Amino acid sequence: LGEACHFVDLFYWLLGAEPVRVSAYSLPPNSNEPVGTNNLCATFQFADGSIGTLNYSTIGSETSQGERVECFAQGFGVTTENFKFLAVNEDAPAVEKKLLPRKGYDAQMKSFIEAIRKGVTPEVTVVDGVRATVGCLKMLESARTGEACEIDLAGVLE
């Protein structure tokens, strides 16, 4: 939950559309250690018709890449691993680039302070936190029940 919420945020940021439903499945729970719920696959549906799939695993090899993000649109694909490597594939030749990853903490804090100084809405709001939290809670509920769960932020924010 603590890490997966960042990917719900990333989905929203990439799509600019609200998540409306999630279906998830986890490995079976184990009484000796929490393997099951820490390892799941979830598919989110968004208001614009897009889908996002989150595969979250804690049991892979130490040599496995930690985070892999793939995005696809008509004639276009982007892949990043650990936010250090970026490959852009289009109908034209592929472009690959090494990146110096930044977590964004400094930029976010500067943006927040600037919003306070100017008296405007910050780039990241409480709604963003609610979206990520509710999305993950519904993801876990879906994994537990085996049923798709609706995500209704309006009902939560009222």
# chains A, B, ... in the order shown; residues from 1 in each chain; ligands from 1
>>> closest_atom_pairs(of="stretch 85-152 of chain A", to="stretch 45-53 of chain A", cutoff="12 Å", atoms="only C-alpha atoms", output="CSV")
residue,atom,partner,partner_atom,distance
A:Gly135,CA,A:Gln45,CA,10.8
A:Met139,CA,A:Thr53,CA,11.2
A:Ala148,CA,A:Gln45,CA,10.3
A:Cys149,CA,A:Gln45,CA,10.4
A:Glu150,CA,A:Gln45,CA,9.4
A:Ile151,CA,A:Gln45,CA,9.4
A:Asp152,CA,A:Ala47,CA,11.0
>>> closest_atom_pairs(of="stretch 66-130 of chain A", to="stretch 12-21 of chain A", cutoff="12 Å", atoms="only C-alpha atoms", output="CSV")
residue,atom,partner,partner_atom,distance
A:Val69,CA,A:Leu14,CA,11.3
A:Glu70,CA,A:Leu14,CA,11.3
A:Cys71,CA,A:Leu14,CA,8.9
A:Phe72,CA,A:Leu14,CA,11.0
A:Ala73,CA,A:Leu15,CA,11.1
A:Val78,CA,A:Leu14,CA,11.7
A:Glu123,CA,A:Trp13,CA,11.1
A:Val124,CA,A:Trp13,CA,10.6
A:Val127,CA,A:Glu18,CA,11.0
A:Asp128,CA,A:Tyr12,CA,8.9
A:Gly129,CA,A:Tyr12,CA,11.5
A:Val130,CA,A:Glu18,CA,11.7
>>> select_by_dssp(residues="stretch 2-143 of chain A", states="strand (DSSP E)", output="PDB file with C-alpha atoms, in the first residue's frame")
ATOM      1  CA  PRO A  19      -9.751   5.999 -11.734  1.00  0.00           C
ATOM      2  CA  VAL A  20     -13.292   4.617 -11.645  1.00  0.00           C
ATOM      3  CA  ARG A  21     -12.882   0.853 -11.031  1.00  0.00           C
ATOM      4  CA  VAL A  22     -10.232  -1.655 -10.029  1.00  0.00           C
ATOM      5  CA  SER A  23      -9.965  -5.434 -10.220  1.00  0.00           C
ATOM      6  CA  ALA A  24      -7.145  -7.105  -8.330  1.00  0.00           C
ATOM      7  CA  TYR A  25      -5.824 -10.524  -7.408  1.00  0.00           C
ATOM      8  CA  SER A  26      -3.107 -11.429  -4.923  1.00  0.00           C
ATOM      9  CA  LEU A  40      -0.722  -8.611  -6.480  1.00  0.00           C
ATOM     10  CA  CYS A  41      -1.883  -7.649  -9.922  1.00  0.00           C
ATOM     11  CA  ALA A  42      -4.435  -4.865 -10.317  1.00  0.00           C
ATOM     12  CA  THR A  43      -6.133  -3.376 -13.357  1.00  0.00           C
ATOM     13  CA  PHE A  44      -7.521   0.125 -13.015  1.00  0.00           C
ATOM     14  CA  GLN A  45     -10.133   1.556 -15.378  1.00  0.00           C
ATOM     15  CA  PHE A  46     -10.171   5.315 -15.884  1.00  0.00           C
ATOM     16  CA  ILE A  51      -6.565   1.151 -18.361  1.00  0.00           C
ATOM     17  CA  GLY A  52      -3.533   0.839 -16.116  1.00  0.00           C
ATOM     18  CA  THR A  53      -2.116  -2.414 -14.799  1.00  0.00           C
ATOM     19  CA  LEU A  54      -0.046  -2.557 -11.650  1.00  0.00           C
ATOM     20  CA  ASN A  55       1.988  -5.666 -10.886  1.00  0.00           C
ATOM     21  CA  TYR A  56       3.446  -5.372  -7.417  1.00  0.00           C
ATOM     22  CA  ARG A  68       9.291  -0.966 -14.589  1.00  0.00           C
ATOM     23  CA  VAL A  69       6.758   1.329 -16.219  1.00  0.00           C
ATOM     24  CA  GLU A  70       5.443   0.791 -19.725  1.00  0.00           C
ATOM     25  CA  CYS A  71       3.044   3.149 -21.484  1.00  0.00           C
ATOM     26  CA  PHE A  72       1.401   2.564 -24.832  1.00  0.00           C
ATOM     27  CA  ALA A  73      -0.633   4.707 -27.220  1.00  0.00           C
ATOM     28  CA  PHE A  76       3.913   4.837 -29.515  1.00  0.00           C
ATOM     29  CA  GLY A  77       5.482   3.083 -26.514  1.00  0.00           C
ATOM     30  CA  VAL A  78       7.644   4.196 -23.611  1.00  0.00           C
ATOM     31  CA  THR A  79       9.482   2.027 -21.089  1.00  0.00           C
ATOM     32  CA  THR A  80      11.464   2.993 -18.028  1.00  0.00           C
ATOM     33  CA  GLU A  81      13.270   0.796 -15.521  1.00  0.00           C
ATOM     34  CA  PHE A  85      16.613   4.216 -18.265  1.00  0.00           C
ATOM     35  CA  LEU A  86      14.073   5.464 -20.784  1.00  0.00           C
ATOM     36  CA  ALA A  87      13.234   3.923 -24.153  1.00  0.00           C
ATOM     37  CA  VAL A  88      10.839   5.645 -26.532  1.00  0.00           C
ATOM     38  CA  ASN A  89       9.543   3.534 -29.390  1.00  0.00           C
ATOM     39  CA  GLU A  90       7.563   5.086 -32.198  1.00  0.00           C
ATOM     40  CA  VAL A  95      15.371   6.336 -28.838  1.00  0.00           C
ATOM     41  CA  GLU A  96      17.096   5.170 -25.656  1.00  0.00           C
ATOM     42  CA  LYS A  97      18.416   7.375 -22.895  1.00  0.00           C
ATOM     43  CA  LYS A  98      20.018   6.952 -19.480  1.00  0.00           C
TER      44      LYS A  98
END
>>> select_by_dssp(residues="chain A", states="helix (DSSP H, G or I)", output="VMD selection string")
chain A and resid 4 to 15 105 to 118 126 to 145 153 to 157
>>> atom_distance(atom1="atom CA of A:Ser111", atom2="atom CA of A:Asp9")
17.3 Å
>>> decode(residues="stretch 124-138 of chain A", atoms="all heavy atoms", output="compact mmCIF listing (two decimals), in the first residue's frame")
# COMPACT_ATOMS: atom_id res chain seq x y z
N VAL A 124 0.01 19.73 -6.00
CA VAL A 124 -0.41 18.48 -5.36
C VAL A 124 -1.33 18.87 -4.20
O VAL A 124 -0.95 19.65 -3.34
CB VAL A 124 0.81 17.68 -4.84
CG1 VAL A 124 0.36 16.42 -4.14
CG2 VAL A 124 1.76 17.36 -5.99
N THR A 125 -2.54 18.31 -4.22
CA THR A 125 -3.54 18.67 -3.22
C THR A 125 -3.96 17.46 -2.40
O THR A 125 -3.57 16.33 -2.69
CB THR A 125 -4.80 19.25 -3.90
OG1 THR A 125 -5.45 18.21 -4.63
CG2 THR A 125 -4.46 20.41 -4.83
N VAL A 126 -4.81 17.69 -1.43
CA VAL A 126 -5.35 16.61 -0.62
C VAL A 126 -6.13 15.63 -1.48
O VAL A 126 -6.16 14.43 -1.20
CB VAL A 126 -6.19 17.15 0.56
CG1 VAL A 126 -7.50 17.75 0.07
CG2 VAL A 126 -6.44 16.07 1.59
N VAL A 127 -6.73 16.10 -2.55
CA VAL A 127 -7.48 15.21 -3.45
C VAL A 127 -6.54 14.17 -4.06
O VAL A 127 -6.92 13.01 -4.22
CB VAL A 127 -8.22 16.02 -4.55
CG1 VAL A 127 -8.88 15.10 -5.56
CG2 VAL A 127 -9.24 16.96 -3.93
N ASP A 128 -5.31 14.57 -4.38
CA ASP A 128 -4.34 13.62 -4.92
C ASP A 128 -4.03 12.52 -3.91
O ASP A 128 -3.94 11.34 -4.26
CB ASP A 128 -3.05 14.34 -5.32
CG ASP A 128 -3.28 15.33 -6.45
OD1 ASP A 128 -3.88 14.95 -7.47
OD2 ASP A 128 -2.87 16.49 -6.30
N GLY A 129 -3.88 12.89 -2.66
CA GLY A 129 -3.64 11.90 -1.62
C GLY A 129 -4.84 10.99 -1.41
O GLY A 129 -4.68 9.77 -1.24
N VAL A 130 -6.04 11.57 -1.46
CA VAL A 130 -7.25 10.76 -1.30
C VAL A 130 -7.39 9.79 -2.46
O VAL A 130 -7.70 8.62 -2.27
CB VAL A 130 -8.50 11.67 -1.18
CG1 VAL A 130 -9.79 10.87 -1.30
CG2 VAL A 130 -8.47 12.45 0.13
N ARG A 131 -7.14 10.26 -3.67
CA ARG A 131 -7.24 9.40 -4.86
C ARG A 131 -6.33 8.18 -4.73
O ARG A 131 -6.74 7.04 -4.96
CB ARG A 131 -6.88 10.19 -6.12
CG ARG A 131 -6.87 9.37 -7.40
CD ARG A 131 -6.36 10.17 -8.59
NE ARG A 131 -7.10 11.39 -8.79
CZ ARG A 131 -6.61 12.60 -8.54
NH1 ARG A 131 -5.36 12.75 -8.07
NH2 ARG A 131 -7.34 13.68 -8.75
N ALA A 132 -5.08 8.41 -4.37
CA ALA A 132 -4.11 7.32 -4.25
C ALA A 132 -4.50 6.36 -3.13
O ALA A 132 -4.42 5.15 -3.28
CB ALA A 132 -2.71 7.88 -4.02
N THR A 133 -4.93 6.91 -2.00
CA THR A 133 -5.29 6.08 -0.86
C THR A 133 -6.53 5.25 -1.14
O THR A 133 -6.54 4.03 -0.92
CB THR A 133 -5.51 6.95 0.39
OG1 THR A 133 -4.31 7.69 0.65
CG2 THR A 133 -5.89 6.11 1.60
N VAL A 134 -7.57 5.89 -1.64
CA VAL A 134 -8.81 5.17 -1.94
C VAL A 134 -8.56 4.14 -3.04
O VAL A 134 -9.05 3.00 -2.97
CB VAL A 134 -9.95 6.14 -2.33
CG1 VAL A 134 -11.15 5.40 -2.89
CG2 VAL A 134 -10.35 6.98 -1.13
N GLY A 135 -7.79 4.51 -4.06
CA GLY A 135 -7.48 3.56 -5.13
C GLY A 135 -6.81 2.30 -4.59
O GLY A 135 -7.15 1.18 -4.96
N CYS A 136 -5.87 2.48 -3.67
CA CYS A 136 -5.16 1.32 -3.10
C CYS A 136 -6.05 0.53 -2.14
O CYS A 136 -5.99 -0.70 -2.13
CB CYS A 136 -3.89 1.77 -2.40
SG CYS A 136 -2.58 2.17 -3.56
N LEU A 137 -6.85 1.21 -1.35
CA LEU A 137 -7.76 0.48 -0.46
C LEU A 137 -8.76 -0.35 -1.26
O LEU A 137 -9.05 -1.50 -0.91
CB LEU A 137 -8.48 1.45 0.49
CG LEU A 137 -7.59 2.10 1.54
CD1 LEU A 137 -8.36 3.17 2.30
CD2 LEU A 137 -7.00 1.06 2.48
N LYS A 138 -9.27 0.20 -2.36
CA LYS A 138 -10.19 -0.54 -3.22
C LYS A 138 -9.46 -1.68 -3.93
O LYS A 138 -10.03 -2.75 -4.15
CB LYS A 138 -10.87 0.38 -4.23
CG LYS A 138 -11.81 1.38 -3.60
CD LYS A 138 -12.99 0.68 -2.95
CE LYS A 138 -14.01 1.66 -2.43
NZ LYS A 138 -15.20 1.00 -1.89
